[in-house]
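Dropping upload.cif in here (mmCIF, C-alpha atoms):
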```cif
data_entry
loop_
_atom_site.group_PDB
_atom_site.id
_atom_site.type_symbol
_atom_site.label_atom_id
_atom_site.label_comp_id
_atom_site.auth_asym_id
_atom_site.auth_seq_id
_atom_site.Cartn_x
_atom_site.Cartn_y
_atom_site.Cartn_z
ATOM 1 C CA VAL A 28 0.000 0.000 0.000
ATOM 2 C CA THR A 29 1.960 2.973 -1.240
ATOM 3 C CA ARG A 30 -0.167 5.821 0.090
ATOM 4 C CA ARG A 31 -0.504 4.444 3.610
ATOM 5 C CA LYS A 32 0.026 7.108 6.277
ATOM 6 C CA PRO A 33 1.971 6.365 9.472
ATOM 7 C CA GLY A 34 -0.299 4.555 11.919
ATOM 8 C CA ILE A 35 -2.855 3.613 9.272
ATOM 9 C CA ARG A 36 -2.942 -0.162 8.729
ATOM 10 C CA SER A 37 -4.973 -0.113 5.529
ATOM 11 C CA HIS A 38 -7.438 2.150 3.799
ATOM 12 C CA CYS A 39 -10.220 -0.351 4.214
ATOM 13 C CA PRO A 40 -12.921 1.954 5.638
ATOM 14 C CA VAL A 41 -13.476 -0.244 8.683
ATOM 15 C CA SER A 42 -9.778 -0.443 9.492
ATOM 16 C CA TYR A 43 -9.257 3.291 8.920
ATOM 17 C CA ALA A 44 -12.049 4.121 11.352
ATOM 18 C CA LEU A 45 -10.636 1.701 13.947
ATOM 19 C CA ASP A 46 -7.176 3.249 13.630
ATOM 20 C CA LEU A 47 -8.680 6.553 14.706
ATOM 21 C CA PHE A 48 -11.226 5.512 17.329
ATOM 22 C CA GLY A 49 -10.925 1.740 17.766
ATOM 23 C CA ASP A 50 -10.164 1.698 21.467
ATOM 24 C CA PRO A 51 -12.303 1.557 24.610
ATOM 25 C CA TRP A 52 -12.075 5.308 25.398
ATOM 26 C CA THR A 53 -12.057 7.537 22.342
ATOM 27 C CA LEU A 54 -15.717 7.182 21.432
ATOM 28 C CA LEU A 55 -16.661 7.835 25.066
ATOM 29 C CA VAL A 56 -15.172 11.316 24.768
ATOM 30 C CA ILE A 57 -17.144 11.813 21.568
ATOM 31 C CA ARG A 58 -20.245 10.544 23.368
ATOM 32 C CA ASP A 59 -19.590 12.948 26.244
ATOM 33 C CA ILE A 60 -19.433 15.905 23.879
ATOM 34 C CA ALA A 61 -22.231 14.847 21.515
ATOM 35 C CA LEU A 62 -24.775 13.339 23.867
ATOM 36 C CA PHE A 63 -23.986 14.695 27.332
ATOM 37 C CA GLY A 64 -23.022 18.245 26.306
ATOM 38 C CA LYS A 65 -19.658 18.000 28.079
ATOM 39 C CA ARG A 66 -16.948 20.405 26.974
ATOM 40 C CA THR A 67 -14.059 20.320 29.440
ATOM 41 C CA TYR A 68 -11.345 17.935 30.571
ATOM 42 C CA GLN A 69 -12.813 17.957 34.101
ATOM 43 C CA GLU A 70 -16.244 17.050 32.778
ATOM 44 C CA PHE A 71 -14.855 14.152 30.711
ATOM 45 C CA LEU A 72 -12.894 12.974 33.744
ATOM 46 C CA GLY A 73 -16.126 12.785 35.756
ATOM 47 C CA SER A 74 -17.845 10.292 33.445
ATOM 48 C CA ALA A 75 -19.101 7.040 34.940
ATOM 49 C CA GLU A 76 -16.484 4.824 33.269
ATOM 50 C CA GLY A 77 -13.647 6.370 35.277
ATOM 51 C CA VAL A 78 -11.090 7.233 32.636
ATOM 52 C CA ALA A 79 -7.544 7.767 33.975
ATOM 53 C CA THR A 80 -6.086 11.254 33.562
ATOM 54 C CA ASN A 81 -3.219 10.112 31.333
ATOM 55 C CA VAL A 82 -5.548 8.096 29.092
ATOM 56 C CA LEU A 83 -7.947 11.019 28.775
ATOM 57 C CA ALA A 84 -5.150 13.465 27.947
ATOM 58 C CA ASP A 85 -3.766 11.054 25.351
ATOM 59 C CA ARG A 86 -7.164 10.502 23.698
ATOM 60 C CA LEU A 87 -7.890 14.219 23.546
ATOM 61 C CA GLU A 88 -4.544 14.781 21.845
ATOM 62 C CA ARG A 89 -5.177 12.011 19.368
ATOM 63 C CA LEU A 90 -8.689 13.285 18.642
ATOM 64 C CA GLU A 91 -7.299 16.732 17.997
ATOM 65 C CA ALA A 92 -4.545 15.316 15.746
ATOM 66 C CA ALA A 93 -7.219 13.357 13.853
ATOM 67 C CA ARG A 94 -9.225 16.603 13.474
ATOM 68 C CA ILE A 95 -12.212 15.011 15.195
ATOM 69 C CA VAL A 96 -12.216 17.495 18.058
ATOM 70 C CA THR A 97 -10.971 21.044 18.147
ATOM 71 C CA LYS A 98 -10.235 23.125 21.205
ATOM 72 C CA ARG A 99 -10.901 26.745 22.042
ATOM 73 C CA PRO A 100 -10.336 28.899 25.100
ATOM 74 C CA ASP A 101 -13.609 29.220 27.008
ATOM 75 C CA PRO A 102 -14.912 32.736 26.213
ATOM 76 C CA ASP A 103 -16.200 32.968 29.821
ATOM 77 C CA ASP A 104 -12.876 31.931 31.379
ATOM 78 C CA ARG A 105 -9.885 32.114 29.046
ATOM 79 C CA ARG A 106 -7.792 29.840 31.295
ATOM 80 C CA ARG A 107 -10.192 27.001 30.589
ATOM 81 C CA THR A 108 -10.154 24.950 27.379
ATOM 82 C CA LEU A 109 -13.344 23.827 25.658
ATOM 83 C CA TYR A 110 -13.384 20.842 23.354
ATOM 84 C CA LEU A 111 -15.920 20.599 20.572
ATOM 85 C CA LEU A 112 -16.552 18.325 17.638
ATOM 86 C CA THR A 113 -15.402 19.268 14.150
ATOM 87 C CA GLU A 114 -17.426 18.294 11.063
ATOM 88 C CA ARG A 115 -15.498 14.998 11.051
ATOM 89 C CA GLY A 116 -16.480 14.515 14.683
ATOM 90 C CA ILE A 117 -20.130 15.401 14.190
ATOM 91 C CA ASP A 118 -20.202 12.859 11.354
ATOM 92 C CA LEU A 119 -19.419 10.192 13.969
ATOM 93 C CA VAL A 120 -22.874 10.577 15.504
ATOM 94 C CA PRO A 121 -24.242 7.785 13.231
ATOM 95 C CA VAL A 122 -21.500 5.461 14.537
ATOM 96 C CA LEU A 123 -22.522 6.247 18.125
ATOM 97 C CA PHE A 124 -26.158 5.639 17.263
ATOM 98 C CA ALA A 125 -25.423 2.320 15.561
ATOM 99 C CA MET A 126 -23.650 1.207 18.752
ATOM 100 C CA ILE A 127 -26.483 2.498 20.929
ATOM 101 C CA GLU A 128 -29.055 0.583 18.884
ATOM 102 C CA TRP A 129 -26.992 -2.586 19.155
ATOM 103 C CA SER A 130 -26.493 -2.353 22.918
ATOM 104 C CA ALA A 131 -30.116 -1.412 23.492
ATOM 105 C CA ARG A 132 -31.052 -4.666 21.806
ATOM 106 C CA HIS A 133 -28.360 -6.904 23.244
ATOM 107 C CA ASP A 134 -27.444 -5.669 26.740
ATOM 108 C CA GLY A 135 -29.975 -7.027 29.215
ATOM 109 C CA HIS A 136 -29.037 -4.280 31.696
ATOM 110 C CA THR A 137 -28.812 -1.420 29.229
ATOM 111 C CA LEU A 138 -29.472 2.148 30.285
ATOM 112 C CA ALA A 139 -30.996 2.628 26.819
ATOM 113 C CA THR A 140 -34.511 1.635 27.813
ATOM 114 C CA PRO A 141 -37.164 1.726 25.062
ATOM 115 C CA GLU A 142 -38.365 5.158 26.288
ATOM 116 C CA LYS A 143 -34.842 6.572 26.473
ATOM 117 C CA LEU A 144 -34.005 5.103 23.076
ATOM 118 C CA ALA A 145 -37.119 6.602 21.475
ATOM 119 C CA GLN A 146 -36.209 9.933 23.034
ATOM 120 C CA ILE A 147 -32.643 10.071 21.749
ATOM 121 C CA ARG A 148 -33.680 8.800 18.301
ATOM 122 C CA ALA A 149 -36.254 11.585 18.053
ATOM 123 C CA GLY A 150 -33.722 14.140 19.280
ATOM 124 C CA ARG A 151 -31.021 13.189 16.803
ATOM 125 C CA PRO A 152 -31.666 15.824 14.105
ATOM 126 C CA ALA A 153 -31.785 18.578 16.745
ATOM 127 C CA LEU A 154 -28.603 17.182 18.321
ATOM 128 C CA GLU A 155 -26.674 17.270 15.054
ATOM 129 C CA ALA A 156 -27.980 20.764 14.281
ATOM 130 C CA ARG A 157 -26.908 21.977 17.722
ATOM 131 C CA LEU A 158 -23.398 20.540 17.323
ATOM 132 C CA ARG A 159 -23.020 22.208 13.927
ATOM 133 C CA ALA A 160 -24.280 25.526 15.302
ATOM 134 C CA GLU A 161 -21.779 25.330 18.181
ATOM 135 C CA LEU A 162 -18.946 24.584 15.782
ATOM 136 C CA LYS A 163 -19.955 27.495 13.536
ATOM 137 C CA ARG A 164 -20.183 29.871 16.496
ATOM 138 C CA ALA A 165 -16.771 28.772 17.796
ATOM 139 C CA THR A 166 -15.201 29.146 14.368
ATOM 140 C CA MET A 167 -16.476 32.718 14.141
ATOM 141 C CA ASP A 168 -15.160 33.698 17.614
ATOM 142 C CA VAL B 22 -23.701 0.564 39.602
ATOM 143 C CA THR B 23 -25.095 -2.530 41.243
ATOM 144 C CA ARG B 24 -25.768 -4.701 38.199
ATOM 145 C CA ARG B 25 -22.413 -4.133 36.530
ATOM 146 C CA LYS B 26 -20.896 -7.348 35.199
ATOM 147 C CA PRO B 27 -17.162 -8.059 35.422
ATOM 148 C CA GLY B 28 -15.381 -6.175 32.655
ATOM 149 C CA ILE B 29 -18.364 -3.941 31.943
ATOM 150 C CA ARG B 30 -17.590 -0.330 32.877
ATOM 151 C CA SER B 31 -21.147 0.955 32.675
ATOM 152 C CA HIS B 32 -24.380 0.033 30.957
ATOM 153 C CA CYS B 33 -24.333 3.186 28.901
ATOM 154 C CA PRO B 34 -24.964 1.663 25.453
ATOM 155 C CA VAL B 35 -21.867 3.258 23.937
ATOM 156 C CA SER B 36 -19.624 2.054 26.735
ATOM 157 C CA TYR B 37 -21.144 -1.439 26.699
ATOM 158 C CA ALA B 38 -20.469 -1.783 22.981
ATOM 159 C CA LEU B 39 -16.887 -0.541 23.406
ATOM 160 C CA ASP B 40 -16.270 -3.066 26.190
ATOM 161 C CA LEU B 41 -17.066 -5.819 23.707
ATOM 162 C CA PHE B 42 -15.529 -4.556 20.487
ATOM 163 C CA GLY B 43 -13.768 -1.258 21.290
ATOM 164 C CA ASP B 44 -10.301 -2.227 20.164
ATOM 165 C CA PRO B 45 -8.455 -2.007 16.849
ATOM 166 C CA TRP B 46 -8.923 -5.688 15.900
ATOM 167 C CA THR B 47 -12.260 -7.141 16.932
ATOM 168 C CA LEU B 48 -14.411 -5.408 14.338
ATOM 169 C CA LEU B 49 -11.914 -6.417 11.640
ATOM 170 C CA VAL B 50 -12.719 -10.066 12.343
ATOM 171 C CA ILE B 51 -16.405 -9.225 12.120
ATOM 172 C CA ARG B 52 -15.708 -7.370 8.861
ATOM 173 C CA ASP B 53 -13.799 -10.385 7.536
ATOM 174 C CA ILE B 54 -16.725 -12.690 8.219
ATOM 175 C CA ALA B 55 -19.521 -10.319 7.204
ATOM 176 C CA LEU B 56 -18.058 -8.544 4.201
ATOM 177 C CA PHE B 57 -15.242 -10.752 2.918
ATOM 178 C CA GLY B 58 -16.892 -14.135 3.515
ATOM 179 C CA LYS B 59 -13.941 -15.391 5.560
ATOM 180 C CA ARG B 60 -14.560 -18.282 7.930
ATOM 181 C CA THR B 61 -11.278 -19.665 9.208
ATOM 182 C CA TYR B 62 -8.408 -18.599 11.438
ATOM 183 C CA GLN B 63 -6.010 -18.828 8.482
ATOM 184 C CA GLU B 64 -8.228 -16.594 6.384
ATOM 185 C CA PHE B 65 -8.464 -13.971 9.155
ATOM 186 C CA LEU B 66 -4.686 -14.140 9.592
ATOM 187 C CA GLY B 67 -4.228 -13.307 5.921
ATOM 188 C CA SER B 68 -6.054 -9.974 6.074
ATOM 189 C CA ALA B 69 -4.224 -6.847 4.947
ATOM 190 C CA GLU B 70 -3.848 -5.339 8.416
ATOM 191 C CA GLY B 71 -1.496 -8.107 9.546
ATOM 192 C CA VAL B 72 -2.995 -9.230 12.834
ATOM 193 C CA ALA B 73 -0.604 -11.162 15.094
ATOM 194 C CA THR B 74 -1.505 -14.796 15.822
ATOM 195 C CA ASN B 75 -1.878 -14.258 19.583
ATOM 196 C CA VAL B 76 -4.057 -11.172 19.088
ATOM 197 C CA LEU B 77 -6.270 -12.992 16.612
ATOM 198 C CA ALA B 78 -6.656 -16.031 18.892
ATOM 199 C CA ASP B 79 -7.507 -13.746 21.818
ATOM 200 C CA ARG B 80 -10.102 -11.776 19.841
ATOM 201 C CA LEU B 81 -11.765 -14.936 18.536
ATOM 202 C CA GLU B 82 -12.032 -16.236 22.099
ATOM 203 C CA ARG B 83 -13.489 -12.964 23.320
ATOM 204 C CA LEU B 84 -15.953 -12.825 20.430
ATOM 205 C CA GLU B 85 -17.085 -16.330 21.234
ATOM 206 C CA ALA B 86 -17.415 -15.498 24.950
ATOM 207 C CA ALA B 87 -19.465 -12.422 23.991
ATOM 208 C CA ARG B 88 -21.675 -14.653 21.805
ATOM 209 C CA ILE B 89 -20.899 -12.533 18.746
ATOM 210 C CA VAL B 90 -19.282 -15.402 16.865
ATOM 211 C CA THR B 91 -19.878 -19.109 17.170
ATOM 212 C CA LYS B 92 -17.666 -21.882 15.886
ATOM 213 C CA ARG B 93 -18.425 -25.143 14.171
ATOM 214 C CA PRO B 94 -16.301 -27.931 12.738
ATOM 215 C CA ASP B 95 -16.117 -27.530 8.961
ATOM 216 C CA PRO B 96 -18.500 -30.167 7.528
ATOM 217 C CA ASP B 97 -16.027 -30.678 4.649
ATOM 218 C CA ASP B 98 -13.007 -31.135 6.916
ATOM 219 C CA ARG B 99 -13.830 -31.834 10.565
ATOM 220 C CA ARG B 100 -10.308 -30.892 11.698
ATOM 221 C CA ARG B 101 -10.955 -27.337 10.585
ATOM 222 C CA THR B 102 -12.981 -24.806 12.594
ATOM 223 C CA LEU B 103 -15.366 -22.377 10.935
ATOM 224 C CA TYR B 104 -16.358 -19.144 12.619
ATOM 225 C CA LEU B 105 -19.678 -17.530 11.857
ATOM 226 C CA LEU B 106 -21.678 -14.632 13.189
ATOM 227 C CA THR B 107 -24.485 -15.181 15.669
ATOM 228 C CA GLU B 108 -27.607 -13.003 15.653
ATOM 229 C CA ARG B 109 -25.751 -10.609 17.964
ATOM 230 C CA GLY B 110 -22.895 -10.561 15.467
ATOM 231 C CA ILE B 111 -25.096 -10.056 12.426
ATOM 232 C CA ASP B 112 -26.685 -7.116 14.253
ATOM 233 C CA LEU B 113 -23.258 -5.442 14.199
ATOM 234 C CA VAL B 114 -23.490 -4.968 10.429
ATOM 235 C CA PRO B 115 -25.053 -1.490 10.941
ATOM 236 C CA VAL B 116 -22.051 -0.516 13.100
ATOM 237 C CA LEU B 117 -19.672 -1.628 10.332
ATOM 238 C CA PHE B 118 -21.683 0.318 7.788
ATOM 239 C CA ALA B 119 -21.723 3.480 9.909
ATOM 240 C CA MET B 120 -17.914 3.276 10.088
ATOM 241 C CA ILE B 121 -17.649 2.590 6.359
ATOM 242 C CA GLU B 122 -19.794 5.624 5.545
ATOM 243 C CA TRP B 123 -17.674 7.793 7.821
ATOM 244 C CA SER B 124 -14.342 6.666 6.368
ATOM 245 C CA ALA B 125 -15.650 6.893 2.815
ATOM 246 C CA ARG B 126 -16.380 10.544 3.495
ATOM 247 C CA HIS B 127 -13.315 11.414 5.536
ATOM 248 C CA ASP B 128 -10.378 9.263 4.381
ATOM 249 C CA GLY B 129 -8.853 10.876 1.308
ATOM 250 C CA HIS B 130 -7.267 7.547 0.344
ATOM 251 C CA THR B 131 -10.231 5.314 1.144
ATOM 252 C CA LEU B 132 -10.783 2.033 -0.654
ATOM 253 C CA ALA B 133 -14.524 2.786 -0.365
ATOM 254 C CA THR B 134 -14.776 4.681 -3.632
ATOM 255 C CA PRO B 135 -18.216 6.026 -4.572
ATOM 256 C CA GLU B 136 -18.819 3.021 -6.874
ATOM 257 C CA LYS B 137 -17.697 0.500 -4.270
ATOM 258 C CA LEU B 138 -19.753 2.254 -1.603
ATOM 259 C CA ALA B 139 -22.886 2.247 -3.778
ATOM 260 C CA GLN B 140 -22.306 -1.443 -4.439
ATOM 261 C CA ILE B 141 -21.984 -2.505 -0.799
ATOM 262 C CA ARG B 142 -24.908 -0.282 0.239
ATOM 263 C CA ALA B 143 -27.091 -1.937 -2.387
ATOM 264 C CA GLY B 144 -25.874 -5.377 -1.343
ATOM 265 C CA ARG B 145 -26.575 -4.915 2.348
ATOM 266 C CA PRO B 146 -30.001 -6.593 2.567
ATOM 267 C CA ALA B 147 -28.714 -9.601 0.649
ATOM 268 C CA LEU B 148 -25.621 -9.706 2.849
ATOM 269 C CA GLU B 149 -27.635 -9.777 6.068
ATOM 270 C CA ALA B 150 -29.997 -12.403 4.622
ATOM 271 C CA ARG B 151 -27.029 -14.568 3.623
ATOM 272 C CA LEU B 152 -25.453 -14.342 7.085
ATOM 273 C CA ARG B 153 -28.753 -15.318 8.717
ATOM 274 C CA ALA B 154 -29.202 -18.224 6.309
ATOM 275 C CA GLU B 155 -25.671 -19.464 7.076
ATOM 276 C CA LEU B 156 -26.318 -19.242 10.807
ATOM 277 C CA LYS B 157 -29.588 -21.126 10.459
ATOM 278 C CA ARG B 158 -27.963 -23.825 8.346
ATOM 279 C CA ALA B 159 -25.099 -24.232 10.829
ATOM 280 C CA THR B 160 -27.519 -24.404 13.758
ATOM 281 C CA MET B 161 -29.413 -27.214 12.072
ATOM 282 C CA ASP B 162 -26.267 -29.259 11.330
#
```
As structure tokens - that is how I would like this structure written.
Amino acid sequence: VTRRKPGIRSHCPVSYALDLFGDPWTLLVIRDIALFGKRTYQEFLGSAEGVATNVLADRLERLEAARIVTKRPDPDDRRRTLYLLTERGIDLVPVLFAMIEWSARHDGHTLATPEKLAQIRAGRPALEARLRAELKRATMD
Amino acid sequence: VTRRKPGIRSHCPVSYALDLFGDPWTLLVIRDIALFGKRTYQEFLGSAEGVATNVLADRLERLEAARIVTKRPDPDDRRRTLYLLTERGIDLVPVLFAMIEWSARHDGHTLATPEKLAQIRAGRPALEARLRAELKRATMD
């Protein structure tokens, strides 16, 4: 494979995606931003799965290098950094939803109850619109 | 979290899915079975990404433990083991497709060209039907 980039195993679309977010933590950060409205390192750190600080810092760096998240100083407190999804990141929402649908069907103890699932399905267009509006606003700052 | 199983970080549907296949290799095995029609350890080993033998053996064991793949002796050669997707595994096809769509859009060197993408999209119902038929046939053996 002549055009392979460092760290990319093949340009098979499944493999390429896994090279960027095929680990147990990266998509949780994307979930935190997309679905839970989290924006800061401290907020990500507080998620239920208990990510370690070094793992979180590493994943945020990788996500930024992969242009899936972008960071900005918080306009309300310039010492604080806000992370938001780029267009590439927002386009991962269908991947999150495919995983949610699968777990809702196959995890007997899932938090994605039928009511909750119906609610997030219905909210998906508004969610994607909100993420794009936030990105646009941040880009204009 | 009182009902958390060993190895399950939370029952958030994204986290649950990542606990089972959130690594760089597991979904490649599922891709190999679902999209490339591979069935044997040797065939998986030959994939372009160059999985190591110990990693492949570990992922096959985990996939079997997670009831995503099931194995059968090859009816044509009983010494050989065939791996196929269970219902839980076949239900991962939408996750593969969500990743394929993302990489097709965002990897400048993707193998999922517009023609190839149109072809696999169109073939998806037949693909899922074939996987279910194979599972049914194997279950009746």
Inset, instruction - Work out how far apart CA of Glu91 in chain A and CA of Phe48 in chain A are and give it in Å to one decimal. - result: 11.9 Å
Find the nearest atom pair between each residue of chain A and chain B for residues within 9 Å, count all atoms listed in the file, give distances in Å to one decimal, sort rows by chain and ascending number, and present the table as a tab-separated table.
```
residue	atom	partner	partner_atom	distance
A:Arg30	CA	B:His130	CA	7.3
A:Arg31	CA	B:His130	CA	8.1
A:Arg36	CA	B:Glu70	CA	5.3
A:Ser37	CA	B:Glu70	CA	6.1
A:His38	CA	B:Thr131	CA	5.0
A:Cys39	CA	B:Leu132	CA	5.4
A:Pro40	CA	B:Ile121	CA	4.8
A:Val41	CA	B:Ile121	CA	5.6
A:Ser42	CA	B:Leu49	CA	6.7
A:Tyr43	CA	B:Ser124	CA	6.6
A:Ala44	CA	B:Ser124	CA	6.0
A:Leu45	CA	B:Pro45	CA	5.2
A:Asp46	CA	B:Pro45	CA	6.3
A:Leu47	CA	B:Pro45	CA	8.8
A:Phe48	CA	B:Pro45	CA	8.0
A:Gly49	CA	B:Pro45	CA	4.6
A:Asp50	CA	B:Asp44	CA	4.1
A:Pro51	CA	B:Gly43	CA	4.6
A:Trp52	CA	B:Leu39	CA	7.8
A:Leu54	CA	B:Val35	CA	7.7
A:Leu55	CA	B:Ser36	CA	6.7
A:Arg58	CA	B:Val35	CA	7.5
A:Ala75	CA	B:Ser31	CA	6.8
A:Glu76	CA	B:Arg30	CA	5.3
A:Gly77	CA	B:Arg30	CA	8.1
A:Arg115	CA	B:His127	CA	6.9
A:Asp118	CA	B:Trp123	CA	6.7
A:Leu119	CA	B:Trp123	CA	6.8
A:Pro121	CA	B:Ala119	CA	6.0
A:Val122	CA	B:Ala119	CA	5.0
A:Leu123	CA	B:Val35	CA	6.6
A:Phe124	CA	B:Val35	CA	8.3
A:Ala125	CA	B:Val116	CA	5.0
A:Met126	CA	B:Val35	CA	5.9
A:Ile127	CA	B:Pro34	CA	4.8
A:Glu128	CA	B:Pro34	CA	7.8
A:Trp129	CA	B:Asp112	CA	6.7
A:Ser130	CA	B:Pro34	CA	5.0
A:Ala131	CA	B:Pro34	CA	6.3
A:Arg132	CA	B:Arg109	CA	8.8
A:His133	CA	B:Arg109	CA	7.0
A:Asp134	CA	B:Tyr37	CA	7.6
A:His136	CA	B:His32	CA	6.4
A:Thr137	CA	B:His32	CA	5.0
A:Leu138	CA	B:Cys33	CA	5.4
A:Ala139	CA	B:Pro34	CA	6.3
```
Take the PyMOL selection byres ((chain A and resi 160-162) around 10), run it mentally on this structure, and tell me the resulting residues as a PDB file with C-alpha atoms, in the frame of the given file.
```pdb
ATOM      1  CA  THR A  97     -10.971  21.044  18.147  1.00  0.00           C
ATOM      2  CA  LEU A 111     -15.920  20.599  20.572  1.00  0.00           C
ATOM      3  CA  LEU A 112     -16.552  18.325  17.638  1.00  0.00           C
ATOM      4  CA  THR A 113     -15.402  19.268  14.150  1.00  0.00           C
ATOM      5  CA  GLU A 114     -17.426  18.294  11.063  1.00  0.00           C
ATOM      6  CA  ILE A 117     -20.130  15.401  14.190  1.00  0.00           C
ATOM      7  CA  LEU A 154     -28.603  17.182  18.321  1.00  0.00           C
ATOM      8  CA  GLU A 155     -26.674  17.270  15.054  1.00  0.00           C
ATOM      9  CA  ALA A 156     -27.980  20.764  14.281  1.00  0.00           C
ATOM     10  CA  ARG A 157     -26.908  21.977  17.722  1.00  0.00           C
ATOM     11  CA  LEU A 158     -23.398  20.540  17.323  1.00  0.00           C
ATOM     12  CA  ARG A 159     -23.020  22.208  13.927  1.00  0.00           C
ATOM     13  CA  LYS A 163     -19.955  27.495  13.536  1.00  0.00           C
ATOM     14  CA  ARG A 164     -20.183  29.871  16.496  1.00  0.00           C
ATOM     15  CA  ALA A 165     -16.771  28.772  17.796  1.00  0.00           C
ATOM     16  CA  THR A 166     -15.201  29.146  14.368  1.00  0.00           C
ATOM     17  CA  MET A 167     -16.476  32.718  14.141  1.00  0.00           C
TER      18      MET A 167
END
```
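Here CA of Arg86 in chain A stands at a distance of 22.4 Å from CA of Val76 in chain B.
Counting from CA of Ala55 in chain B, the distance to CA of Leu103 in chain B is 13.3 Å.
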On this structure, the PyMOL selection byres ((chain A and resi 99) around 7) would catch which residues? List them as a PDB file with C-alpha atoms, keeping the file's coordinate frame, sorted by chain and number.
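Listing of selection-v7.pdb after writing:
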```pdb
ATOM      1  CA  THR A  97     -10.971  21.044  18.147  1.00  0.00           C
ATOM      2  CA  LYS A  98     -10.235  23.125  21.205  1.00  0.00           C
ATOM      3  CA  PRO A 100     -10.336  28.899  25.100  1.00  0.00           C
ATOM      4  CA  ASP A 101     -13.609  29.220  27.008  1.00  0.00           C
ATOM      5  CA  THR A 108     -10.154  24.950  27.379  1.00  0.00           C
ATOM      6  CA  LEU A 109     -13.344  23.827  25.658  1.00  0.00           C
ATOM      7  CA  TYR A 110     -13.384  20.842  23.354  1.00  0.00           C
TER       8      TYR A 110
END
```
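The residue that comes closest to Arg100 in chain B, out of B:Thr61, B:Leu56, B:Ile51, B:Ala143 and on the basis of only C-alpha atoms, is B:Thr61.
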Starting from 3 Å padding per side, set up an axis-aligned box that covers all listed atoms of range 147-157 of chain B and hand over centre and edge lengths in Å, one decimal, as lines of an AutoDock Vina configuration file.
```
center_x = -27.7
center_y = -15.4
center_z = 5.7
size_x = 10.5
size_y = 17.5
size_z = 16.2
```
For range 124-128 of chain B, where the input has fewer atoms than it should, I would like all heavy atoms rebuilt and written as a short mmCIF file (atom, residue, chain, number, x, y, z; two decimals), keeping the file's coordinate frame.
```
data_model
loop_
_atom_site.label_atom_id
_atom_site.label_comp_id
_atom_site.auth_asym_id
_atom_site.auth_seq_id
_atom_site.Cartn_x
_atom_site.Cartn_y
_atom_site.Cartn_z
N SER B 124 -15.67 6.70 6.99
CA SER B 124 -14.34 6.67 6.37
C SER B 124 -14.42 7.01 4.88
O SER B 124 -13.51 7.66 4.35
CB SER B 124 -13.71 5.28 6.54
OG SER B 124 -13.47 5.02 7.91
N ALA B 125 -15.49 6.58 4.24
CA ALA B 125 -15.65 6.89 2.82
C ALA B 125 -15.69 8.41 2.63
O ALA B 125 -15.17 8.95 1.66
CB ALA B 125 -16.92 6.25 2.27
N ARG B 126 -16.29 9.10 3.59
CA ARG B 126 -16.38 10.54 3.50
C ARG B 126 -15.09 11.24 3.93
O ARG B 126 -14.74 12.28 3.40
CB ARG B 126 -17.56 11.03 4.36
CG ARG B 126 -17.76 12.54 4.30
CD ARG B 126 -18.94 13.01 5.13
NE ARG B 126 -20.20 12.49 4.63
CZ ARG B 126 -21.39 12.88 5.08
NH1 ARG B 126 -21.47 13.79 6.05
NH2 ARG B 126 -22.50 12.37 4.59
N HIS B 127 -14.39 10.66 4.90
CA HIS B 127 -13.32 11.41 5.54
C HIS B 127 -11.90 10.90 5.31
O HIS B 127 -10.94 11.55 5.73
CB HIS B 127 -13.58 11.53 7.05
CG HIS B 127 -14.78 12.38 7.35
ND1 HIS B 127 -14.78 13.74 7.15
CD2 HIS B 127 -16.03 12.07 7.78
CE1 HIS B 127 -15.97 14.23 7.48
NE2 HIS B 127 -16.75 13.24 7.86
N ASP B 128 -11.73 9.74 4.71
CA ASP B 128 -10.38 9.26 4.38
C ASP B 128 -10.10 9.57 2.91
O ASP B 128 -10.72 8.98 2.03
CB ASP B 128 -10.27 7.75 4.65
CG ASP B 128 -8.92 7.18 4.22
OD1 ASP B 128 -7.99 7.99 3.95
OD2 ASP B 128 -8.77 5.95 4.17
#
```
